[in-house]
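> File name run06.json; file contents JSON, C-alpha atoms and all ligand atoms; full text below.
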```json
[["chain", "number", "residue", "atom", "x", "y", "z"],
["A", 1, "MET", "CA", 21.14, -21.93, -7.86],
["A", 2, "MET", "CA", 21.22, -18.29, -6.78],
["A", 3, "ILE", "CA", 23.21, -17.64, -3.58],
["A", 4, "ASN", "CA", 21.40, -15.52, -1.03],
["A", 5, "ASP", "CA", 24.09, -13.34, 0.56],
["A", 6, "GLU", "CA", 21.60, -10.74, 1.88],
["A", 7, "PRO", "CA", 21.58, -12.02, 5.51],
["A", 8, "ALA", "CA", 25.38, -11.64, 5.79],
["A", 9, "ARG", "CA", 25.27, -8.29, 3.99],
["A", 10, "THR", "CA", 22.55, -6.99, 6.34],
["A", 11, "ILE", "CA", 24.44, -8.15, 9.46],
["A", 12, "GLY", "CA", 27.59, -6.53, 8.04],
["A", 13, "ILE", "CA", 25.87, -3.15, 7.51],
["A", 14, "LEU", "CA", 24.19, -3.18, 10.93],
["A", 15, "LYS", "CA", 27.56, -3.93, 12.56],
["A", 16, "LYS", "CA", 29.57, -1.47, 10.49],
["A", 17, "TYR", "CA", 27.28, 1.44, 11.39],
["A", 18, "ASP", "CA", 26.32, 0.18, 14.84],
["A", 19, "LEU", "CA", 22.63, 0.26, 13.83],
["A", 20, "MET", "CA", 19.70, -1.12, 15.78],
["A", 21, "PRO", "CA", 16.57, -1.53, 13.58],
["A", 22, "ARG", "CA", 14.00, 0.98, 14.86],
["A", 23, "LYS", "CA", 10.70, -0.56, 15.86],
["A", 24, "LYS", "CA", 8.95, 2.83, 15.82],
["A", 25, "PHE", "CA", 9.69, 3.08, 12.07],
["A", 26, "GLY", "CA", 8.61, -0.52, 11.36],
["A", 27, "GLN", "CA", 12.15, -1.50, 10.36],
["A", 28, "ASN", "CA", 12.14, -5.16, 9.35],
["A", 29, "PHE", "CA", 14.77, -5.50, 6.66],
["A", 30, "LEU", "CA", 14.31, -8.03, 3.86],
["A", 31, "ILE", "CA", 17.11, -10.58, 3.81],
["A", 32, "ASP", "CA", 15.91, -12.99, 1.14],
["A", 33, "ALA", "CA", 17.08, -12.31, -2.40],
["A", 34, "HIS", "CA", 14.44, -14.68, -3.83],
["A", 35, "VAL", "CA", 11.65, -12.64, -2.26],
["A", 36, "ILE", "CA", 13.16, -9.42, -3.61],
["A", 37, "GLU", "CA", 13.25, -10.98, -7.09],
["A", 38, "LYS", "CA", 9.60, -11.99, -6.67],
["A", 39, "ILE", "CA", 8.60, -8.44, -5.73],
["A", 40, "ILE", "CA", 10.47, -6.95, -8.68],
["A", 41, "ASP", "CA", 9.02, -9.52, -11.09],
["A", 42, "ALA", "CA", 5.50, -8.88, -9.78],
["A", 43, "ALA", "CA", 6.06, -5.14, -10.28],
["A", 44, "GLN", "CA", 7.07, -5.81, -13.91],
["A", 45, "ILE", "CA", 9.78, -3.16, -13.81],
["A", 46, "GLY", "CA", 11.12, -2.23, -17.23],
["A", 47, "GLU", "CA", 14.00, -0.01, -18.33],
["A", 48, "ASP", "CA", 11.68, 2.94, -19.05],
["A", 49, "ASP", "CA", 10.01, 2.91, -15.65],
["A", 50, "CYS", "CA", 10.21, 5.47, -12.90],
["A", 51, "VAL", "CA", 9.83, 3.76, -9.53],
["A", 52, "LEU", "CA", 8.92, 5.22, -6.17],
["A", 53, "GLU", "CA", 10.29, 3.13, -3.32],
["A", 54, "ILE", "CA", 8.80, 3.92, 0.08],
["A", 55, "GLY", "CA", 11.23, 3.18, 2.92],
["A", 56, "PRO", "CA", 14.45, 1.94, 1.26],
["A", 57, "GLY", "CA", 15.92, 1.03, 4.67],
["A", 58, "ILE", "CA", 19.50, -0.09, 4.12],
["A", 59, "GLY", "CA", 18.98, -0.13, 0.37],
["A", 60, "THR", "CA", 18.64, -3.89, -0.14],
["A", 61, "MET", "CA", 15.78, -3.76, -2.66],
["A", 62, "THR", "CA", 16.80, -0.31, -3.94],
["A", 63, "ARG", "CA", 19.96, -1.79, -5.53],
["A", 64, "TYR", "CA", 17.88, -4.25, -7.53],
["A", 65, "LEU", "CA", 15.39, -1.54, -8.52],
["A", 66, "CYS", "CA", 18.17, 0.77, -9.74],
["A", 67, "ASP", "CA", 19.51, -2.05, -11.94],
["A", 68, "ARG", "CA", 16.11, -2.53, -13.62],
["A", 69, "ALA", "CA", 14.42, 0.88, -13.82],
["A", 70, "ALA", "CA", 15.17, 4.15, -15.61],
["A", 71, "HIS", "CA", 14.91, 6.10, -12.38],
["A", 72, "VAL", "CA", 14.24, 5.34, -8.70],
["A", 73, "ILE", "CA", 12.94, 7.82, -6.13],
["A", 74, "ALA", "CA", 13.44, 6.52, -2.59],
["A", 75, "VAL", "CA", 11.69, 8.25, 0.32],
["A", 76, "GLU", "CA", 13.05, 7.33, 3.76],
["A", 77, "ILE", "CA", 12.07, 8.89, 7.10],
["A", 78, "ASP", "CA", 15.15, 7.76, 9.07],
["A", 79, "ARG", "CA", 17.86, 10.43, 8.78],
["A", 80, "ASP", "CA", 20.64, 8.06, 9.89],
["A", 81, "LEU", "CA", 19.79, 5.54, 7.16],
["A", 82, "VAL", "CA", 19.58, 8.28, 4.52],
["A", 83, "LYS", "CA", 23.12, 9.41, 5.42],
["A", 84, "ILE", "CA", 24.50, 5.88, 5.07],
["A", 85, "LEU", "CA", 22.62, 5.30, 1.80],
["A", 86, "LYS", "CA", 23.88, 8.55, 0.28],
["A", 87, "GLU", "CA", 27.44, 8.41, 1.53],
["A", 88, "ASP", "CA", 28.13, 4.73, 1.15],
["A", 89, "ILE", "CA", 25.67, 1.98, 0.19],
["A", 90, "LEU", "CA", 24.03, 3.63, -2.84],
["A", 91, "LYS", "CA", 26.50, 6.40, -3.63],
["A", 92, "ASP", "CA", 27.35, 4.94, -7.05],
["A", 93, "LYS", "CA", 23.72, 4.73, -8.26],
["A", 94, "GLU", "CA", 23.29, 7.51, -10.78],
["A", 95, "ASN", "CA", 19.61, 6.90, -11.50],
["A", 96, "LEU", "CA", 18.56, 7.36, -7.87],
["A", 97, "THR", "CA", 17.04, 10.27, -5.93],
["A", 98, "ILE", "CA", 16.94, 9.82, -2.16],
["A", 99, "ILE", "CA", 14.56, 12.00, -0.17],
["A", 100, "ASN", "CA", 14.68, 12.21, 3.62],
["A", 101, "GLU", "CA", 11.02, 12.73, 4.48],
["A", 102, "ASP", "CA", 7.91, 11.18, 5.94],
["A", 103, "ILE", "CA", 6.07, 9.72, 2.91],
["A", 104, "LEU", "CA", 2.77, 10.94, 4.38],
["A", 105, "LYS", "CA", 4.04, 14.53, 4.10],
["A", 106, "VAL", "CA", 5.50, 14.31, 0.61],
["A", 107, "ASP", "CA", 3.66, 15.87, -2.33],
["A", 108, "VAL", "CA", 4.04, 12.75, -4.47],
["A", 109, "GLU", "CA", 2.10, 14.25, -7.38],
["A", 110, "GLU", "CA", 4.57, 17.13, -7.58],
["A", 111, "LEU", "CA", 7.44, 14.63, -7.39],
["A", 112, "VAL", "CA", 5.98, 12.65, -10.30],
["A", 113, "ARG", "CA", 5.63, 15.86, -12.30],
["A", 114, "LYS", "CA", 9.27, 16.78, -11.66],
["A", 115, "LYS", "CA", 10.89, 13.37, -12.04],
["A", 116, "ASN", "CA", 8.68, 11.68, -14.64],
["A", 117, "ASP", "CA", 7.00, 14.56, -16.50],
["A", 118, "GLY", "CA", 3.72, 13.60, -14.80],
["A", 119, "ARG", "CA", 3.66, 10.14, -16.43],
["A", 120, "PRO", "CA", 2.48, 7.26, -14.21],
["A", 121, "ILE", "CA", 5.08, 5.75, -11.91],
["A", 122, "LYS", "CA", 5.32, 2.30, -10.32],
["A", 123, "VAL", "CA", 5.32, 2.17, -6.54],
["A", 124, "VAL", "CA", 7.31, -0.64, -4.96],
["A", 125, "ALA", "CA", 7.75, -1.04, -1.21],
["A", 126, "ASN", "CA", 8.27, -3.28, 1.73],
["A", 127, "LEU", "CA", 5.96, -1.04, 3.73],
["A", 128, "PRO", "CA", 6.30, 0.01, 7.35],
["A", 129, "TYR", "CA", 3.28, -1.91, 8.68],
["A", 130, "TYR", "CA", 2.22, 0.74, 11.21],
["A", 131, "ILE", "CA", 1.06, 3.07, 8.40],
["A", 132, "THR", "CA", 0.13, 0.71, 5.56],
["A", 133, "THR", "CA", -3.44, 1.95, 5.08],
["A", 134, "PRO", "CA", -2.74, 5.72, 5.29],
["A", 135, "ILE", "CA", 0.06, 5.34, 2.73],
["A", 136, "ILE", "CA", -2.05, 3.40, 0.22],
["A", 137, "MET", "CA", -5.19, 5.50, 0.67],
["A", 138, "GLY", "CA", -3.18, 8.73, 0.54],
["A", 139, "LEU", "CA", -1.72, 7.79, -2.85],
["A", 140, "PHE", "CA", -5.11, 6.74, -4.24],
["A", 141, "GLU", "CA", -7.12, 9.65, -2.88],
["A", 142, "LYS", "CA", -4.65, 12.26, -4.10],
["A", 143, "HIS", "CA", -4.89, 10.68, -7.57],
["A", 144, "VAL", "CA", -1.13, 10.33, -7.90],
["A", 145, "PRO", "CA", -0.40, 9.11, -11.47],
["A", 146, "MET", "CA", 0.50, 5.46, -10.87],
["A", 147, "GLU", "CA", 0.47, 2.34, -12.99],
["A", 148, "SER", "CA", 0.73, -0.07, -10.10],
["A", 149, "LEU", "CA", 1.68, -0.54, -6.47],
["A", 150, "THR", "CA", 3.60, -3.68, -5.56],
["A", 151, "LEU", "CA", 3.70, -3.91, -1.81],
["A", 152, "MET", "CA", 4.87, -6.13, 1.00],
["A", 153, "VAL", "CA", 2.18, -5.90, 3.64],
["A", 154, "GLN", "CA", 0.99, -7.86, 6.65],
["A", 155, "LYS", "CA", -0.70, -11.04, 5.35],
["A", 156, "GLU", "CA", -3.92, -10.12, 7.11],
["A", 157, "VAL", "CA", -4.00, -6.77, 5.28],
["A", 158, "ALA", "CA", -3.34, -8.51, 1.94],
["A", 159, "SER", "CA", -6.32, -10.79, 2.63],
["A", 160, "ARG", "CA", -8.47, -7.74, 3.38],
["A", 161, "MET", "CA", -7.43, -6.02, 0.16],
["A", 162, "CYS", "CA", -8.31, -9.00, -2.03],
["A", 163, "ALA", "CA", -11.43, -10.19, -0.11],
["A", 164, "LYS", "CA", -14.85, -11.01, -1.55],
["A", 165, "PRO", "CA", -18.14, -9.52, -0.20],
["A", 166, "GLY", "CA", -19.69, -11.41, 2.70],
["A", 167, "THR", "CA", -16.38, -12.86, 3.95],
["A", 168, "LYS", "CA", -14.82, -11.93, 7.29],
["A", 169, "ASP", "CA", -11.93, -10.10, 5.61],
["A", 170, "TYR", "CA", -14.19, -7.93, 3.45],
["A", 171, "GLY", "CA", -14.23, -4.33, 4.68],
["A", 172, "ALA", "CA", -13.77, -0.64, 3.91],
["A", 173, "LEU", "CA", -10.21, -1.26, 2.68],
["A", 174, "THR", "CA", -11.43, -3.92, 0.22],
["A", 175, "VAL", "CA", -14.05, -1.57, -1.22],
["A", 176, "ALA", "CA", -11.58, 1.31, -1.56],
["A", 177, "VAL", "CA", -8.87, -0.86, -3.12],
["A", 178, "SER", "CA", -11.33, -2.33, -5.63],
["A", 179, "TYR", "CA", -12.60, 1.14, -6.57],
["A", 180, "TYR", "CA", -9.10, 2.24, -7.56],
["A", 181, "SER", "CA", -7.33, -0.97, -8.61],
["A", 182, "GLU", "CA", -7.28, -4.67, -9.32],
["A", 183, "CYS", "CA", -5.68, -6.70, -6.54],
["A", 184, "TYR", "CA", -3.41, -9.69, -7.15],
["A", 185, "LEU", "CA", -1.77, -11.73, -4.39],
["A", 186, "ALA", "CA", 1.75, -12.42, -5.70],
["A", 187, "ALA", "CA", 3.36, -14.31, -2.80],
["A", 188, "ASN", "CA", 3.12, -15.25, 0.86],
["A", 189, "VAL", "CA", 6.28, -14.44, 2.79],
["A", 190, "PRO", "CA", 7.27, -16.04, 6.11],
["A", 191, "SER", "CA", 8.77, -13.94, 8.88],
["A", 192, "ASN", "CA", 12.22, -15.57, 8.58],
["A", 193, "CYS", "CA", 12.76, -13.56, 5.38],
["A", 194, "PHE", "CA", 13.23, -10.41, 7.50],
["A", 195, "MET", "CA", 15.72, -9.14, 10.04],
["A", 196, "PRO", "CA", 14.49, -8.70, 12.73],
["A", 197, "ARG", "CA", 11.60, -11.11, 12.24],
["A", 198, "PRO", "CA", 8.17, -9.45, 12.47],
["A", 199, "ASP", "CA", 5.54, -11.08, 14.71],
["A", 200, "VAL", "CA", 3.21, -11.53, 11.73],
["A", 201, "MET", "CA", 3.19, -13.28, 8.37],
["A", 202, "SER", "CA", 3.58, -11.09, 5.28],
["A", 203, "ALA", "CA", 2.45, -11.12, 1.68],
["A", 204, "VAL", "CA", 3.23, -9.34, -1.57],
["A", 205, "VAL", "CA", 0.29, -7.81, -3.42],
["A", 206, "ARG", "CA", 0.21, -6.00, -6.72],
["A", 207, "LEU", "CA", -2.48, -3.36, -7.15],
["A", 208, "SER", "CA", -2.88, -2.52, -10.84],
["A", 209, "VAL", "CA", -4.37, 0.96, -10.94],
["A", 210, "LEU", "CA", -7.54, 1.27, -13.04],
["A", 211, "ARG", "CA", -7.77, 4.12, -15.55],
["A", 212, "ASN", "CA", -11.43, 4.56, -14.72],
["A", 213, "PRO", "CA", -13.31, 3.32, -11.66],
["A", 214, "PRO", "CA", -15.16, 0.03, -12.32],
["A", 215, "VAL", "CA", -18.47, 1.60, -11.20],
["A", 216, "SER", "CA", -19.97, 5.00, -11.80],
["A", 217, "VAL", "CA", -21.18, 6.90, -8.75],
["A", 218, "LYS", "CA", -22.41, 10.48, -8.56],
["A", 219, "ASP", "CA", -20.49, 11.39, -5.42],
["A", 220, "PRO", "CA", -17.58, 9.07, -4.55],
["A", 221, "ASP", "CA", -16.92, 10.91, -1.25],
["A", 222, "ARG", "CA", -20.48, 10.21, -0.12],
["A", 223, "MET", "CA", -20.14, 6.56, -1.16],
["A", 224, "PHE", "CA", -16.97, 6.23, 0.94],
["A", 225, "SER", "CA", -18.70, 7.86, 3.93],
["A", 226, "ILE", "CA", -21.42, 5.22, 3.62],
["A", 227, "VAL", "CA", -18.82, 2.44, 3.32],
["A", 228, "LYS", "CA", -16.98, 3.75, 6.38],
["A", 229, "ALA", "CA", -20.19, 3.93, 8.42],
["A", 230, "ALA", "CA", -21.27, 0.45, 7.25],
["A", 231, "PHE", "CA", -18.02, -1.22, 8.34],
["A", 232, "GLY", "CA", -17.46, 0.99, 11.40],
["A", 233, "GLN", "CA", -20.32, -0.96, 12.97],
["A", 234, "ARG", "CA", -20.26, -4.08, 10.84],
["A", 235, "ARG", "CA", -22.44, -6.22, 13.13],
["A", 236, "LYS", "CA", -25.30, -3.73, 12.78],
["A", 237, "THR", "CA", -27.78, -3.77, 9.93],
["A", 238, "LEU", "CA", -27.07, -1.12, 7.31],
["A", 239, "GLN", "CA", -30.24, 0.69, 8.41],
["A", 240, "ASN", "CA", -28.95, 1.10, 11.95],
["A", 241, "ALA", "CA", -25.36, 1.81, 10.95],
["A", 242, "LEU", "CA", -26.30, 4.61, 8.53],
["A", 243, "MET", "CA", -29.05, 6.11, 10.65],
["A", 244, "SER", "CA", -26.63, 6.81, 13.51],
["A", 245, "ALA", "CA", -23.68, 7.87, 11.31],
["A", 246, "GLN", "CA", -22.75, 11.53, 11.12],
["A", 247, "GLY", "CA", -23.01, 13.38, 7.82],
["A", 248, "ILE", "CA", -25.14, 10.80, 6.00],
["A", 249, "ALA", "CA", -28.52, 12.24, 6.95],
["A", 250, "CYS", "CA", -30.98, 9.47, 6.16],
["A", 251, "THR", "CA", -33.67, 7.62, 8.04],
["A", 252, "LYS", "CA", -34.03, 3.89, 8.67],
["A", 253, "GLU", "CA", -36.94, 3.88, 6.22],
["A", 254, "ASP", "CA", -34.82, 5.53, 3.48],
["A", 255, "VAL", "CA", -32.19, 2.79, 3.82],
["A", 256, "ALA", "CA", -34.75, -0.03, 3.95],
["A", 257, "LYS", "CA", -36.48, 1.29, 0.82],
["A", 258, "ALA", "CA", -33.19, 1.70, -1.03],
["A", 259, "LEU", "CA", -32.06, -1.84, -0.15],
["A", 260, "GLU", "CA", -35.39, -3.34, -1.21],
["A", 261, "SER", "CA", -35.33, -1.45, -4.50],
["A", 262, "MET", "CA", -32.00, -3.15, -5.15],
["A", 263, "GLY", "CA", -33.44, -6.61, -4.44],
["A", 264, "LEU", "CA", -31.74, -6.87, -1.03],
["A", 265, "SER", "CA", -33.25, -7.53, 2.40],
["A", 266, "ALA", "CA", -34.14, -4.41, 4.36],
["A", 267, "LEU", "CA", -32.18, -5.99, 7.23],
["A", 268, "ALA", "CA", -28.98, -6.56, 5.21],
["A", 269, "ARG", "CA", -25.63, -5.71, 6.77],
["A", 270, "GLY", "CA", -23.14, -3.57, 4.89],
["A", 271, "GLU", "CA", -20.68, -6.47, 4.67],
["A", 272, "VAL", "CA", -22.80, -8.23, 2.03],
["A", 273, "LEU", "CA", -22.83, -5.27, -0.39],
["A", 274, "SER", "CA", -20.49, -5.28, -3.37],
["A", 275, "LEU", "CA", -18.75, -2.12, -4.60],
["A", 276, "GLU", "CA", -21.42, -1.81, -7.27],
["A", 277, "GLN", "CA", -24.18, -2.02, -4.65],
["A", 278, "PHE", "CA", -22.48, 0.60, -2.46],
["A", 279, "ALA", "CA", -22.35, 2.89, -5.51],
["A", 280, "ARG", "CA", -26.06, 2.33, -6.17],
["A", 281, "ILE", "CA", -27.23, 2.87, -2.63],
["A", 282, "SER", "CA", -25.10, 6.01, -2.44],
["A", 283, "ASP", "CA", -26.81, 7.37, -5.55],
["A", 284, "ILE", "CA", -30.28, 6.44, -4.28],
["A", 285, "LEU", "CA", -29.74, 7.95, -0.82],
["A", 301, "LIG", "N1", 12.95, -1.56, 2.05],
["A", 301, "LIG", "C1", 13.72, -2.03, 3.16],
["A", 301, "LIG", "C2", 13.81, -3.53, 3.10],
["A", 301, "LIG", "O1", 12.98, -4.12, 2.41],
["A", 301, "LIG", "O2", 14.67, -4.10, 3.74],
["A", 301, "LIG", "C3", 13.14, -1.58, 4.50],
["A", 301, "LIG", "C4", 11.70, -1.95, 4.76],
["A", 301, "LIG", "S1", 11.15, -1.62, 6.41],
["A", 301, "LIG", "C5", 9.82, -2.74, 6.54],
["A", 301, "LIG", "C6", 10.27, -0.08, 6.26],
["A", 301, "LIG", "C7", 11.12, 1.13, 5.94],
["A", 301, "LIG", "O3", 10.27, 2.28, 5.87],
["A", 301, "LIG", "C8", 12.16, 1.46, 7.01],
["A", 301, "LIG", "O4", 13.38, 1.78, 6.40],
["A", 301, "LIG", "C9", 11.60, 2.69, 7.73],
["A", 301, "LIG", "O5", 12.58, 3.52, 8.29],
["A", 301, "LIG", "C10", 10.85, 3.36, 6.60],
["A", 301, "LIG", "N2", 9.75, 4.24, 7.05],
["A", 301, "LIG", "C11", 8.97, 4.10, 8.15],
["A", 301, "LIG", "N3", 8.05, 5.07, 8.21],
["A", 301, "LIG", "C12", 8.24, 5.85, 7.12],
["A", 301, "LIG", "C13", 7.60, 7.04, 6.64],
["A", 301, "LIG", "N4", 6.58, 7.59, 7.28],
["A", 301, "LIG", "N5", 8.08, 7.59, 5.50],
["A", 301, "LIG", "C14", 9.12, 7.03, 4.82],
["A", 301, "LIG", "N6", 9.76, 5.92, 5.25],
["A", 301, "LIG", "C15", 9.33, 5.33, 6.38]]
```
Translate this file's structure into structure tokens.

Amino acid sequence: MMINDEPARTIGILKKYDLMPRKKFGQNFLIDAHVIEKIIDAAQIGEDDCVLEIGPGIGTMTRYLCDRAAHVIAVEIDRDLVKILKEDILKDKENLTIINEDILKVDVEELVRKKNDGRPIKVVANLPYYITTPIIMGLFEKHVPMESLTLMVQKEVASRMCAKPGTKDYGALTVAVSYYSECYLAANVPSNCFMPRPDVMSAVVRLSVLRNPPVSVKDPDRMFSIVKAAFGQRRKTLQNALMSAQGIACTKEDVAKALESMGLSALARGEVLSLEQFARISDIL
């Protein structure tokens, strides 16, 4: 059986450098080697792959990634951790580029062009939970060439990503994720696999990026404005939610007519519409 020496290693590093995990950066370090293996297996990393790791922390998963991939780009916001990674923990990794930056400010597309000749990369991360959605949506909306994203996220967010229409977890994030990718729940992860333990349960999801969207829609931006308005006031009927939303410019009657032409009740709420139905109503309106 594999020995998990990550807890002792993590305690050793925190002591050696007198580090206190920073809550404001969502620092919950993974200390379970089995979970790391699961993430890397779910990501299907091969020796030709270029991997982007968001938030390497103290480099626990980065070491495993460097052993499997052709190249790893690690973007970390915490200057103190970057110094330790470069000068000590990961100094012998020749296939690694460490960048000290806020991932939300990095031009990832440019990075992919430089480091992987513009070919799709694989994103792997134990994400800082306070910015999960902006990170994922930023990568999708900027059309960064990616094959997949394998991510540790809050369990509740994983459920939202993989939800079905009409369920309580189904929302704007579900619709966006299913427009760009196929979602697969790879593992549930309890909080004792992290140091310090987060207050929430976690899960690993793999988002396999689709080459083409699964639905055709004339104006995707307009569709996403409709989705946002629909779930911004999810207890309202779609008629009421869209009528009062800015930038959509349609009347109650327009929405009722569109819904009925699609075989839906004029009083339907947005939460019952599938991605396909959001695409259709966007085209009709
Ligand atoms: N990968 C490490 C692990 O699994 O142990 C650390 C994961 S920890 C949940 C999240 C990491 O993301 C931290 O190292 C944190 O400093 C970093 N981080 C937080 N916000 C960031 C941002 N905006 N850009 C880049 N890294 C960020």
> With distances taken over all atoms listed in the file, which residue among A:Ala268, A:Val177, A:Cys50, A:Ile73 lies nearest ligand LIG 301 (chain A)?
A:Ile73
> My list of candidates is A:Asn240, A:Asn116, A:Thr62, A:Thr174. Which is closest to Asp49 in chain A when distances are computed with only C-alpha atoms?
A:Asn116
> Write out as a PyMOL selection string each polymer residue whose atoms come within 12 Å of Leu173 in chain A, counting all atoms listed in the file; drop sequence neighbours fewer than 2 positions from it.
chain A and resi 132-134+136-137+140+156-165+169-171+175-181+183+224+227-228+231-232+271+275
> Throw together the list of residues within 9 Å of ligand LIG 301 (chain A), counting all atoms listed in the file, and drop it here as a ChimeraX atom specification.
/A:10,21-31,36,53-62,74-79,81,99-106,125-131,135,152-153,194-195
> Could you jot down the CA of Gly12 in chain A to CA of Asp92 in chain A separation for me, Å, one decimal place?
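Atom-to-atom, CA of Gly12 in chain A to CA of Asp92 in chain A, that is 19.0 Å.
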> When you draw a straight line from CA of Glu47 in chain A to CA of Ala69 in chain A, how long is it in Å?
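Taking CA of Glu47 in chain A as the start and CA of Ala69 in chain A as the end point, the length is 4.6 Å.
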> What does the distance from CA of Val35 in chain A to CA of Thr150 in chain A come to in Å, to one decimal?
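Between these atoms lies a distance of 12.5 Å.
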> Quick one: residues within 8 Å of Arg235 in chain A, only C-alpha atoms counted, chain neighbours fewer than 2 positions away excluded, as JSON, numbers by chain?
{"A": [233, 237, 269]}
> Measuring atom to atom with only C-alpha atoms, identify which of A:Gln246, A:Met146, A:Gln44, A:Cys66 is nearest to Arg113 in chain A.
A:Met146
> Would you please work out which residue, of A:Ala258, A:Val123, A:Leu90, A:Val144, is nearest to Gln239 in chain A when using all atoms listed in the file?
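Counting all atoms listed in the file, the residue closest to Gln239 in chain A is A:Ala258.
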> Go through A:Ile13, A:Leu139, A:Leu151, A:Leu65 one by one, measure the shortest atom-to-atom distance of each to Glu37 in chain A using all atoms listed in the file, and give the residue with the smallest value.
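Closest residue, counting all atoms listed in the file: A:Leu65.
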> Using all atoms listed in the file, pick whichever of A:Val209, A:Ala249, A:Lys114, A:Arg119 has the shortest atom-to-atom distance to Ser148 in chain A.
A:Val209
> Can you tell me, as a ChimeraX atom specification, what residues are no more than 7 Å from Asn95 in chain A when counting only C-alpha atoms, ignoring any on the same chain fewer than 4 positions away?
/A:66,70-72
